[in-house]
$ cat protein_25.cif   # mmCIF, C-alpha atoms
data_target
loop_
_atom_site.label_atom_id
_atom_site.label_comp_id
_atom_site.auth_asym_id
_atom_site.auth_seq_id
_atom_site.Cartn_x
_atom_site.Cartn_y
_atom_site.Cartn_z
CA MET X 170 170.49 22.16 149.11
CA ILE X 171 169.66 21.41 145.49
CA GLY X 172 171.27 23.31 142.62
CA TYR X 173 169.57 24.02 139.30
CA TYR X 174 171.58 25.14 136.26
CA ALA X 175 169.20 27.02 133.93
CA HIS X 176 170.47 27.78 130.43
CA HIS X 177 170.27 31.40 129.31
CA HIS X 178 168.69 30.84 125.87
CA GLY X 179 165.05 31.92 125.93
CA VAL X 180 163.15 32.05 129.22
CA GLY X 181 161.88 28.46 129.32
CA HIS X 182 164.65 26.93 131.46
CA VAL X 183 164.38 29.63 134.13
CA THR X 184 160.57 29.44 134.09
CA ARG X 185 160.67 25.65 134.53
CA ALA X 186 163.09 26.04 137.46
CA ASP X 187 160.59 28.37 139.11
CA ALA X 188 157.69 25.92 138.70
CA ILE X 189 159.76 23.07 140.16
CA ALA X 190 161.16 25.17 143.01
CA ARG X 191 157.62 25.92 144.20
CA SER X 192 157.09 22.17 144.72
CA MET X 193 160.43 21.46 146.40
CA SER X 194 160.70 20.71 150.11
CA GLU X 195 164.43 21.51 149.93
CA PRO X 196 165.89 24.95 149.11
CA MET X 197 166.99 25.43 145.50
CA THR X 198 169.84 27.57 144.22
CA VAL X 199 169.60 28.53 140.54
CA LEU X 200 172.84 28.93 138.58
CA SER X 201 172.25 30.94 135.41
CA SER X 202 173.49 33.68 133.12
CA ARG X 203 169.97 35.10 132.96
CA THR X 204 168.89 37.79 135.38
CA ARG X 205 166.66 36.56 138.19
CA PRO X 206 163.02 37.30 137.31
CA PRO X 207 160.91 39.06 139.97
CA GLY X 208 159.19 36.59 142.26
CA HIS X 209 161.24 33.55 141.24
CA ALA X 210 160.92 30.81 143.88
CA ALA X 211 164.62 29.92 144.08
CA ALA X 212 166.10 30.36 147.55
CA GLU X 213 169.34 31.73 146.07
CA TRP X 214 170.52 32.89 142.64
CA LEU X 215 174.11 32.43 141.49
CA SER X 216 174.81 34.70 138.51
CA LEU X 217 177.15 33.28 135.89
CA PRO X 218 178.93 35.15 133.09
CA LEU X 219 178.04 34.14 129.56
CA ASP X 220 180.22 31.47 128.00
CA VAL X 221 180.45 33.31 124.67
CA ASP X 222 182.74 36.07 123.45
CA GLU X 223 181.89 37.83 120.19
CA SER X 224 185.52 38.82 119.74
CA THR X 225 186.63 35.17 119.64
CA ASP X 226 186.37 32.99 116.57
CA ALA X 227 185.04 30.02 118.51
CA VAL X 228 184.77 27.75 115.48
CA ALA X 229 188.41 28.33 114.63
CA GLN X 230 189.26 27.70 118.28
CA ASN X 231 187.92 24.13 118.18
CA SER X 232 184.72 24.81 120.15
CA SER X 233 183.70 21.13 120.06
CA ALA X 234 186.96 19.84 121.61
CA GLY X 235 187.50 17.54 118.69
CA GLY X 236 183.86 16.50 118.52
CA LEU X 237 183.68 15.45 122.18
CA LEU X 238 181.47 18.33 123.37
CA HIS X 239 178.97 20.88 122.04
CA TRP X 240 180.60 24.07 123.36
CA ALA X 241 184.13 24.27 124.76
CA PRO X 242 185.94 27.09 122.91
CA HIS X 243 189.44 28.26 123.73
CA ASP X 244 190.22 31.70 125.18
CA VAL X 245 186.71 32.75 126.25
CA ASP X 246 187.00 34.54 129.59
CA GLY X 247 183.34 34.06 130.46
CA LEU X 248 183.65 30.29 130.10
CA THR X 249 186.67 30.20 132.41
CA GLU X 250 185.03 32.50 134.95
CA ARG X 251 181.72 30.64 135.09
CA SER X 252 183.54 27.33 135.59
CA ALA X 253 185.49 28.83 138.49
CA ILE X 254 182.30 30.23 140.04
CA ILE X 255 180.52 26.87 139.78
CA ALA X 256 183.51 25.04 141.25
CA GLU X 257 183.79 27.49 144.16
CA TRP X 258 180.05 27.19 144.87
CA VAL X 259 180.20 23.37 144.88
CA ALA X 260 183.19 23.37 147.24
CA ARG X 261 181.47 25.84 149.57
CA GLU X 262 177.88 24.57 149.58
CA ARG X 263 178.32 20.82 148.94
CA PRO X 264 174.97 20.46 147.12
CA TRP X 265 173.21 17.10 147.39
CA ALA X 266 172.52 17.19 143.66
CA VAL X 267 172.34 19.64 140.76
CA VAL X 268 169.74 19.68 137.99
CA VAL X 269 171.23 20.60 134.61
CA ASP X 270 168.72 22.22 132.25
CA VAL X 271 170.56 22.02 129.91
CA SER X 272 174.28 21.68 129.09
CA VAL X 273 176.34 18.57 128.53
CA GLU X 274 179.46 20.50 129.50
CA VAL X 275 178.05 21.71 132.82
CA ALA X 276 176.69 18.24 133.57
CA MET X 277 180.07 16.61 133.02
CA PHE X 278 181.95 19.34 134.90
CA LEU X 279 179.74 18.81 137.94
CA ARG X 280 179.97 15.04 137.69
CA LEU X 281 183.77 15.23 137.61
CA MET X 282 183.55 17.20 140.85
CA GLY X 283 181.71 14.28 142.43
CA VAL X 284 178.26 15.91 142.36
CA ARG X 285 175.12 13.91 141.64
CA VAL X 286 173.66 15.29 138.40
CA ILE X 287 170.02 15.16 137.34
CA VAL X 288 169.77 15.88 133.62
CA MET X 289 166.64 17.50 132.22
CA ALA X 290 165.87 15.74 128.94
CA ILE X 291 164.92 17.83 125.91
CA PRO X 292 162.87 16.68 122.88
CA GLY X 293 164.51 16.25 119.50
CA GLU X 294 167.23 14.11 118.01
CA ARG X 295 169.43 13.45 121.04
CA ASP X 296 171.03 10.14 120.08
CA ASP X 297 174.45 11.68 119.29
CA PRO X 298 177.45 10.57 121.39
CA ILE X 299 177.65 13.94 123.18
CA HIS X 300 174.10 13.87 124.56
CA THR X 301 174.46 10.17 125.32
CA LEU X 302 177.51 10.96 127.43
CA ALA X 303 175.45 13.21 129.71
CA TYR X 304 172.58 10.72 129.97
CA ARG X 305 174.99 7.92 130.86
CA ALA X 306 176.71 10.01 133.52
CA ALA X 307 173.48 11.29 135.07
CA THR X 308 172.30 9.96 138.41
CA HIS X 309 168.76 10.54 137.21
CA ILE X 310 166.95 11.97 134.18
CA VAL X 311 163.74 14.00 134.25
CA ALA X 312 161.73 14.07 131.02
CA PRO X 313 159.33 17.05 131.22
CA TRP X 314 156.65 15.40 129.13
CA SER X 315 154.22 12.48 129.17
CA ARG X 316 155.61 9.18 127.92
CA GLU X 317 152.17 8.44 126.50
CA VAL X 318 152.57 11.43 124.20
CA TYR X 319 156.29 11.27 123.38
CA ASP X 320 158.50 8.20 123.83
CA PRO X 321 161.79 8.80 121.97
CA THR X 322 163.89 5.73 121.25
CA TRP X 323 167.12 7.45 122.37
CA LEU X 324 165.80 7.78 125.94
CA ARG X 325 164.63 4.17 126.33
CA PRO X 326 168.08 2.74 127.26
CA PHE X 327 167.91 4.94 130.38
CA ALA X 328 164.33 4.06 131.35
CA GLU X 329 165.29 2.71 134.78
CA LYS X 330 166.61 6.10 135.86
CA THR X 331 164.12 8.33 134.02
CA THR X 332 161.06 10.05 135.47
CA TYR X 333 158.48 11.14 132.90
CA ALA X 334 157.06 14.01 134.93
CA GLY X 335 154.50 15.30 132.41
CA SER X 336 154.53 18.69 130.70
CA ILE X 337 155.65 21.26 133.28
CA SER X 338 153.57 24.44 133.28
CA ARG X 339 154.02 27.40 135.62
CA PHE X 340 150.20 27.38 135.86
CA ALA X 341 149.82 23.69 136.72
CA GLU X 342 148.18 24.27 140.11
CA ARG X 343 146.13 27.39 139.31
CA GLU X 344 142.36 27.47 138.99
CA ARG X 345 140.89 28.38 135.63
CA VAL X 346 139.78 32.00 135.35
CA THR X 347 138.25 34.11 132.59
CA ALA X 348 139.60 37.40 131.28
CA HIS X 349 137.42 38.13 128.21
CA ALA X 350 133.78 37.62 127.40
CA ASP X 351 134.37 37.94 123.64
CA PRO X 352 135.78 34.96 121.68
CA THR X 353 139.51 35.60 121.50
CA VAL X 354 142.38 34.18 119.46
CA VAL X 355 145.57 34.46 121.53
CA VAL X 356 148.81 34.45 119.53
CA LEU X 357 151.97 33.67 121.53
CA GLY X 358 155.42 34.83 120.48
CA ALA X 359 158.67 33.14 121.51
CA ALA X 360 161.52 34.58 123.56
CA GLY X 361 163.91 32.28 121.70
CA GLY X 362 162.96 33.77 118.32
CA THR X 363 160.14 33.36 115.81
CA GLU X 364 159.25 34.35 112.26
CA LEU X 365 155.76 35.35 113.38
CA THR X 366 154.91 39.04 112.75
CA ARG X 367 152.17 41.38 113.89
CA ASP X 368 151.33 42.02 110.23
CA LEU X 369 150.43 38.35 109.76
CA VAL X 370 148.27 38.37 112.89
CA ASP X 371 146.50 41.49 111.61
CA SER X 372 145.88 39.77 108.27
CA TRP X 373 144.18 36.86 110.06
CA SER X 374 142.06 39.31 112.01
CA ALA X 375 141.03 41.12 108.82
CA VAL X 376 139.47 37.97 107.34
CA ASP X 377 137.92 36.50 110.50
CA ALA X 378 135.40 38.67 112.30
CA ARG X 379 134.43 35.83 114.65
CA PHE X 380 137.24 36.63 117.05
CA GLU X 381 139.15 39.35 118.79
CA PHE X 382 142.89 38.78 118.19
CA ARG X 383 145.55 39.36 120.84
CA ALA X 384 149.23 39.07 119.97
CA LEU X 385 151.37 38.54 123.07
CA GLY X 386 155.16 38.56 122.95
CA VAL X 387 155.09 39.30 119.21
CA ALA X 388 157.00 42.32 117.90
CA GLY X 389 154.48 45.16 117.80
CA GLY X 390 152.00 43.20 119.92
CA ASP X 391 150.86 43.43 123.52
CA TRP X 392 152.42 42.16 126.72
CA VAL X 393 150.73 41.01 129.91
CA ASP X 394 152.49 40.01 133.12
CA ASP X 395 149.99 37.22 133.79
CA VAL X 396 148.91 35.40 130.64
CA TRP X 397 146.94 32.70 132.49
CA PRO X 398 143.51 34.43 132.47
CA VAL X 399 143.99 35.23 128.79
CA LEU X 400 144.77 31.60 127.92
CA CYS X 401 141.84 30.31 129.96
CA SER X 402 139.34 32.49 128.11
CA ALA X 403 140.80 31.90 124.63
CA ALA X 404 138.62 30.36 121.96
CA LEU X 405 141.87 29.43 120.20
CA VAL X 406 145.60 29.77 120.85
CA VAL X 407 148.23 30.05 118.10
CA THR X 408 151.64 29.14 119.42
CA HIS X 409 155.12 27.85 118.67
CA ALA X 410 156.05 24.37 119.96
CA GLY X 411 158.29 25.37 122.85
CA GLN X 412 157.88 23.07 125.85
CA ASN X 413 156.66 25.74 128.24
CA ALA X 414 154.23 27.29 125.77
CA VAL X 415 152.71 23.90 124.94
CA ALA X 416 152.47 23.00 128.65
CA ASP X 417 150.78 26.33 129.48
CA VAL X 418 148.22 25.93 126.68
CA ALA X 419 147.56 22.33 127.71
CA ALA X 420 147.01 23.40 131.32
CA SER X 421 144.47 25.99 130.15
CA GLY X 422 142.59 23.47 128.01
CA ALA X 423 142.36 25.82 125.03
CA PRO X 424 142.30 24.52 121.41
CA ALA X 425 145.53 25.31 119.59
CA ILE X 426 147.30 25.78 116.29
CA VAL X 427 150.97 24.81 116.81
CA VAL X 428 153.83 25.80 114.51
CA PRO X 429 157.31 24.52 115.42
CA GLN X 430 160.20 26.98 115.12
CA ALA X 431 163.75 26.10 114.10
CA ARG X 432 165.74 24.96 117.13
CA PRO X 433 168.91 22.88 117.57
CA PHE X 434 168.42 19.12 117.23
CA GLY X 435 164.85 19.57 115.98
CA GLU X 436 163.50 20.20 119.50
CA GLN X 437 160.24 21.91 118.52
CA SER X 438 159.72 19.73 115.45
CA ALA X 439 159.76 16.62 117.65
CA THR X 440 157.23 18.14 120.05
CA ALA X 441 154.99 19.22 117.20
CA ALA X 442 155.11 15.77 115.60
CA ALA X 443 154.03 14.20 118.89
CA LEU X 444 151.14 16.66 119.17
CA ALA X 445 150.07 15.93 115.60
CA ARG X 446 149.97 12.18 116.24
CA GLY X 447 147.48 12.64 119.10
CA PRO X 448 146.06 14.70 117.61
CA PHE X 449 146.16 17.25 120.40
CA ALA X 450 146.38 20.33 118.22
CA ASP X 451 146.36 21.41 114.58
CA VAL X 452 150.04 21.34 113.63
CA HIS X 453 151.54 23.23 110.68
CA HIS X 454 155.08 23.51 109.35
CA SER X 455 154.69 27.26 108.85
CA TRP X 456 152.35 29.98 110.08
CA PRO X 457 149.01 29.70 108.23
CA SER X 458 148.60 32.04 105.30
CA VAL X 459 145.51 34.20 105.06
CA ALA X 460 144.05 31.72 102.55
CA ARG X 461 144.60 28.83 104.98
CA TRP X 462 143.54 30.62 108.14
CA HIS X 463 139.87 29.58 108.27
CA ALA X 464 140.63 25.91 107.61
CA ALA X 465 143.36 25.89 110.28
CA ALA X 466 141.21 27.65 112.88
CA ASN X 467 138.25 25.37 112.22
CA ARG X 468 140.39 22.25 112.39
CA ALA X 469 141.98 23.33 115.68
CA ARG X 470 138.60 24.06 117.25
CA GLU X 471 137.27 20.75 116.00
CA ILE X 472 140.12 18.92 117.75
CA GLY X 473 139.49 21.12 120.79
CA GLY X 474 141.32 20.86 124.08
CA ARG X 475 139.58 17.72 125.30
CA ARG X 476 142.67 15.50 125.03
CA TRP X 477 145.23 17.80 126.65
CA SER X 478 144.99 15.77 129.89
CA ALA X 479 147.26 13.14 128.28
CA LEU X 480 150.15 15.63 128.65
CA ARG X 481 149.78 15.26 132.46
CA THR X 482 150.32 18.94 133.27
CA GLU X 483 148.48 18.59 136.58
CA GLY X 484 151.04 17.69 139.23
CA ALA X 485 153.98 17.70 136.80
CA PRO X 486 156.15 20.20 138.76
CA ALA X 487 155.62 18.17 141.95
CA ARG X 488 156.55 14.91 140.21
CA ALA X 489 159.73 16.51 138.89
CA ALA X 490 160.55 17.92 142.34
CA ARG X 491 160.13 14.54 144.04
CA ALA X 492 162.36 12.85 141.46
CA ILE X 493 165.05 15.48 141.98
CA GLU X 494 164.97 15.25 145.77
CA GLN X 495 165.04 11.46 145.71
CA ALA X 496 168.14 11.45 143.50
CA ALA X 497 170.32 12.16 146.56
CA PRO X 498 170.46 9.24 149.04
CA ARG X 499 169.11 10.03 152.49
CA THR X 500 172.44 9.14 154.05
CA VAL X 501 174.01 12.06 152.18
CA ARG X 502 171.43 14.47 153.57
CA GLN X 503 172.18 13.48 157.14
#

$ encode --input "protein_25.cif" --output "structure tokens"
Amino acid sequence: MIGYYAHHHGVGHVTRADAIARSMSEPMTVLSSRTRPPGHAAAEWLSLPLDVDESTDAVAQNSSAGGLLHWAPHDVDGLTERSAIIAEWVARERPWAVVVDVSVEVAMFLRLMGVRVIVMAIPGERDDPIHTLAYRAATHIVAPWSREVYDPTWLRPFAEKTTYAGSISRFAERERVTAHADPTVVVLGAAGGTELTRDLVDSWSAVDARFEFRALGVAGGDWVDDVWPVLCSAALVVTHAGQNAVADVAASGAPAIVVPQARPFGEQSATAAALARGPFADVHHSWPSVARWHAAANRAREIGGRRWSALRTEGAPARAARAIEQAAPRTVRQ
């Protein structure tokens, strides 16, 4: 079997695991502190306690282990318990390999247990010694983006063991469909946090009668279980620069305004900068004001979605799945 550690922050890691699992020929077990979403394609789900404890002053407890790691606080029961659960699972199941998406600490813990580790690369400034440790220890690295679009210098030393799978969308293999006849601006919120508000979306709507506006995942907005038809019929999408959101918009082919949100190591800023260089979308440092709305919308529609194919969303989950399965030598599988 293949293991897949999916970090609990936001929903992107768990969503990506689902897209990859659907292309795997081997069963996948997800290890995560998030609750299993309905319909997730993992064969098994191993629930882990959170590695944080609000009652513990983690900073005072040397959470970086003297600068060697990102998160290794003292006296956090959840951290101890999750490590024990992972160790017991490895000893019992003997996985061929485990994907780590993402945690340097989990990657190194598994590697020290003799497990082959496939690290999922993340955009941003990842040239620090801690990230480099995980990339050096990894059996293989999967970069969930197109190298044509984003080729960070910190990943180049590991080129021989890196697969650039393309942007992984949960909708990569679905046919385009249409949900609305009227021109629609779709505004996507972010599970990991955003400064976008429904009031701002309403202010855009008030000055632009060309479109119907739909705010999805924004406080006070709507929610739909299946956003794919909505994206496919959008005249324009306004979104943050999270990897899954960008991949989903690219798969739909819709024009986009992209605004990166603050994330550790400049993750979304790096993605947005790569999109601006294309240009693949109209990129802004903050959500457009009412005064700037028309110019931003017009610019995004002028760029259009014609160049999204460079992100290689089609077939990306399958390319990632093949790279993961090939990371374990055939002799181990027998």

$ closest_residue --input "protein_25.cif" --among "X:Ala256, X:Val199, X:Ala416, X:Val427" --to "X:Ala485" --atoms "all atoms listed in the file"
X:Ala416

$ closest_residue --input "protein_25.cif" --among "X:Glu262, X:Asp244, X:Asp451, X:Asp296" --to "X:Ala410" --atoms "all atoms listed in the file"
X:Asp451

$ closest_residue --input "protein_25.cif" --among "X:Ser478, X:Ser455, X:Ala496, X:Thr249" --to "X:Ala307" --atoms "all atoms listed in the file"
X:Ala496

$ resolve_selection --input "protein_25.cif" --expression "the PyMOL selection byres ((chain X and resi 218) around 12)" --output "ChimeraX atom specification"
/X:176-177,200-204,215-217,219-222,245-255

$ resolve_selection --input "protein_25.cif" --expression "the PyMOL selection byres ((chain X and resi 469) around 8)" --output "PyMOL selection string"
chain X and resi 405+424-426+450-451+465-468+470-473

$ write_last_selection --input "protein_25.cif" --atoms "C-alpha atoms" --output "compact mmCIF listing (two decimals), in the frame of the given file"
# COMPACT_ATOMS: atom_id res chain seq x y z
CA LEU X 405 141.87 29.43 120.20
CA PRO X 424 142.30 24.52 121.41
CA ALA X 425 145.53 25.31 119.59
CA ILE X 426 147.30 25.78 116.29
CA ALA X 450 146.38 20.33 118.22
CA ASP X 451 146.36 21.41 114.58
CA ALA X 465 143.36 25.89 110.28
CA ALA X 466 141.21 27.65 112.88
CA ASN X 467 138.25 25.37 112.22
CA ARG X 468 140.39 22.25 112.39
CA ARG X 470 138.60 24.06 117.25
CA GLU X 471 137.27 20.75 116.00
CA ILE X 472 140.12 18.92 117.75
CA GLY X 473 139.49 21.12 120.79

$ atom_distance --input "protein_25.cif" --atom1 "atom CA of X:Arg263" --atom2 "atom CA of X:Met289"
20.7 Å

$ atom_distance --input "protein_25.cif" --atom1 "atom CA of X:Ala497" --atom2 "atom CA of X:Val284"
9.7 Å

$ resolve_selection --input "protein_25.cif" --expression "the PyMOL selection byres ((chain X and resi 402) around 8)" --output "NGL selection string"
:X and (346-350 or 352-353 or 398-401 or 403-404 or 423)

$ residues_around --input "protein_25.cif" --residues "X:Val269" --least-positions-apart "6" --cutoff "8 Å" --atoms "all atoms listed in the file" --output "list in words"
Tyr173, Tyr174, Ala175, Val275, Ala276, Val286, Ile287, Val288 and Met289 of chain X

$ residues_around --input "protein_25.cif" --residues "stretch 355-370 of chain X" --least-positions-apart "5" --cutoff "9 Å" --atoms "all atoms listed in the file" --output "number ranges by chain"
X: 178-181, 375, 381-390, 399-400, 403-409, 411, 414, 430-432, 456-459

$ closest_residue --input "protein_25.cif" --among "X:Ala188, X:Thr301, X:Trp392, X:Gly293" --to "X:Asp320" --atoms "only C-alpha atoms"
X:Gly293

$ closest_residue --input "protein_25.cif" --among "X:Ile291, X:Ala490, X:Leu279, X:Leu302" --to "X:Ser438" --atoms "only C-alpha atoms"
X:Ile291

$ atom_distance --input "protein_25.cif" --atom1 "atom CA of X:Ala303" --atom2 "atom CA of X:Ser233"
15.0 Å

$ residues_around --input "protein_25.cif" --residues "X:Gly484" --least-positions-apart "5" --cutoff "12 Å" --atoms "all atoms listed in the file" --output "ChimeraX atom specification"
/X:188-189,191-192,313-315,333-343,416,420,478,489-491

$ write_last_selection --input "protein_25.cif" --atoms "C-alpha atoms" --output "PDB file, in the frame of the given file"
ATOM      1  CA  ALA X 188     157.690  25.920 138.700  1.00  0.00           C
ATOM      2  CA  ILE X 189     159.760  23.070 140.160  1.00  0.00           C
ATOM      3  CA  ARG X 191     157.620  25.920 144.200  1.00  0.00           C
ATOM      4  CA  SER X 192     157.090  22.170 144.720  1.00  0.00           C
ATOM      5  CA  PRO X 313     159.330  17.050 131.220  1.00  0.00           C
ATOM      6  CA  TRP X 314     156.650  15.400 129.130  1.00  0.00           C
ATOM      7  CA  SER X 315     154.220  12.480 129.170  1.00  0.00           C
ATOM      8  CA  TYR X 333     158.480  11.140 132.900  1.00  0.00           C
ATOM      9  CA  ALA X 334     157.060  14.010 134.930  1.00  0.00           C
ATOM     10  CA  GLY X 335     154.500  15.300 132.410  1.00  0.00           C
ATOM     11  CA  SER X 336     154.530  18.690 130.700  1.00  0.00           C
ATOM     12  CA  ILE X 337     155.650  21.260 133.280  1.00  0.00           C
ATOM     13  CA  SER X 338     153.570  24.440 133.280  1.00  0.00           C
ATOM     14  CA  ARG X 339     154.020  27.400 135.620  1.00  0.00           C
ATOM     15  CA  PHE X 340     150.200  27.380 135.860  1.00  0.00           C
ATOM     16  CA  ALA X 341     149.820  23.690 136.720  1.00  0.00           C
ATOM     17  CA  GLU X 342     148.180  24.270 140.110  1.00  0.00           C
ATOM     18  CA  ARG X 343     146.130  27.390 139.310  1.00  0.00           C
ATOM     19  CA  ALA X 416     152.470  23.000 128.650  1.00  0.00           C
ATOM     20  CA  ALA X 420     147.010  23.400 131.320  1.00  0.00           C
ATOM     21  CA  SER X 478     144.990  15.770 129.890  1.00  0.00           C
ATOM     22  CA  ALA X 489     159.730  16.510 138.890  1.00  0.00           C
ATOM     23  CA  ALA X 490     160.550  17.920 142.340  1.00  0.00           C
ATOM     24  CA  ARG X 491     160.130  14.540 144.040  1.00  0.00           C
TER      25      ARG X 491
END

$ residues_around --input "protein_25.cif" --residues "X:Thr332" --least-positions-apart "3" --cutoff "9 Å" --atoms "all atoms listed in the file" --output "PyMOL selection string"
chain X and resi 309-313+328-329+335+488-489+492

$ decode --input "protein_25.cif" --residues "stretch 202-283 of chain X" --atoms "C-alpha atoms" --output "tab-separated table (two decimals), in the first residue's frame"
chain	number	residue	atom	x	y	z
X	202	SER	CA	-5.86	15.28	11.38
X	203	ARG	CA	-8.70	16.41	9.12
X	204	THR	CA	-11.96	14.50	9.06
X	205	ARG	CA	-12.41	12.29	6.01
X	206	PRO	CA	-14.59	14.11	3.46
X	207	PRO	CA	-17.56	12.19	2.02
X	208	GLY	CA	-16.61	10.27	-1.10
X	209	HIS	CA	-12.84	10.57	-0.67
X	210	ALA	CA	-11.06	7.96	-2.82
X	211	ALA	CA	-8.60	6.77	-0.15
X	212	ALA	CA	-8.89	3.07	0.63
X	213	GLU	CA	-8.32	3.74	4.35
X	214	TRP	CA	-8.19	6.82	6.59
X	215	LEU	CA	-5.92	6.98	9.64
X	216	SER	CA	-7.05	9.79	11.94
X	217	LEU	CA	-4.28	11.65	13.73
X	218	PRO	CA	-4.60	14.00	16.72
X	219	LEU	CA	-3.53	17.58	16.16
X	220	ASP	CA	0.08	18.39	17.00
X	221	VAL	CA	-0.84	21.64	18.76
X	222	ASP	CA	-1.96	22.38	22.30
X	223	GLU	CA	-3.33	25.83	23.09
X	224	SER	CA	-2.42	25.39	26.75
X	225	THR	CA	1.28	25.01	25.90
X	226	ASP	CA	3.58	27.93	25.22
X	227	ALA	CA	5.21	26.24	22.24
X	228	VAL	CA	7.57	29.10	21.49
X	229	ALA	CA	8.91	29.03	25.03
X	230	GLN	CA	9.23	25.25	24.71
X	231	ASN	CA	11.71	25.50	21.84
X	232	SER	CA	9.30	24.45	19.08
X	233	SER	CA	12.03	24.60	16.42
X	234	ALA	CA	14.40	22.20	18.24
X	235	GLY	CA	17.15	24.76	18.14
X	236	GLY	CA	16.39	25.80	14.57
X	237	LEU	CA	16.59	22.25	13.18
X	238	LEU	CA	12.86	21.83	12.49
X	239	HIS	CA	9.71	23.89	11.89
X	240	TRP	CA	7.48	22.37	14.58
X	241	ALA	CA	8.70	20.13	17.40
X	242	PRO	CA	7.41	21.60	20.68
X	243	HIS	CA	7.88	19.97	24.07
X	244	ASP	CA	5.01	18.56	26.14
X	245	VAL	CA	2.28	18.49	23.47
X	246	ASP	CA	0.30	15.28	23.95
X	247	GLY	CA	-1.14	15.36	20.44
X	248	LEU	CA	2.33	15.41	18.90
X	249	THR	CA	3.42	12.41	20.97
X	250	GLU	CA	0.22	10.50	20.21
X	251	ARG	CA	0.28	11.11	16.46
X	252	SER	CA	3.91	9.99	16.27
X	253	ALA	CA	3.02	6.77	18.09
X	254	ILE	CA	0.05	6.17	15.78
X	255	ILE	CA	2.18	6.69	12.67
X	256	ALA	CA	4.92	4.41	14.00
X	257	GLU	CA	2.41	1.66	14.87
X	258	TRP	CA	0.81	1.92	11.41
X	259	VAL	CA	4.20	1.66	9.66
X	260	ALA	CA	5.18	-1.38	11.72
X	261	ARG	CA	1.85	-3.06	11.03
X	262	GLU	CA	1.27	-2.21	7.36
X	263	ARG	CA	4.84	-1.91	6.01
X	264	PRO	CA	3.91	0.68	3.35
X	265	TRP	CA	5.96	0.69	0.15
X	266	ALA	CA	6.20	4.47	0.35
X	267	VAL	CA	4.49	7.45	1.97
X	268	VAL	CA	3.72	10.79	0.34
X	269	VAL	CA	4.20	13.72	2.71
X	270	ASP	CA	2.02	16.73	1.85
X	271	VAL	CA	3.46	18.50	3.78
X	272	SER	CA	5.62	18.33	6.93
X	273	VAL	CA	9.38	18.18	7.25
X	274	GLU	CA	8.99	16.54	10.65
X	275	VAL	CA	6.70	13.76	9.39
X	276	ALA	CA	8.96	13.20	6.38
X	277	MET	CA	12.05	12.78	8.55
X	278	PHE	CA	10.23	10.64	11.13
X	279	LEU	CA	9.13	8.23	8.39
X	280	ARG	CA	12.56	8.22	6.77
X	281	LEU	CA	14.18	7.33	10.10
X	282	MET	CA	11.81	4.36	10.25
X	283	GLY	CA	13.22	3.16	6.94
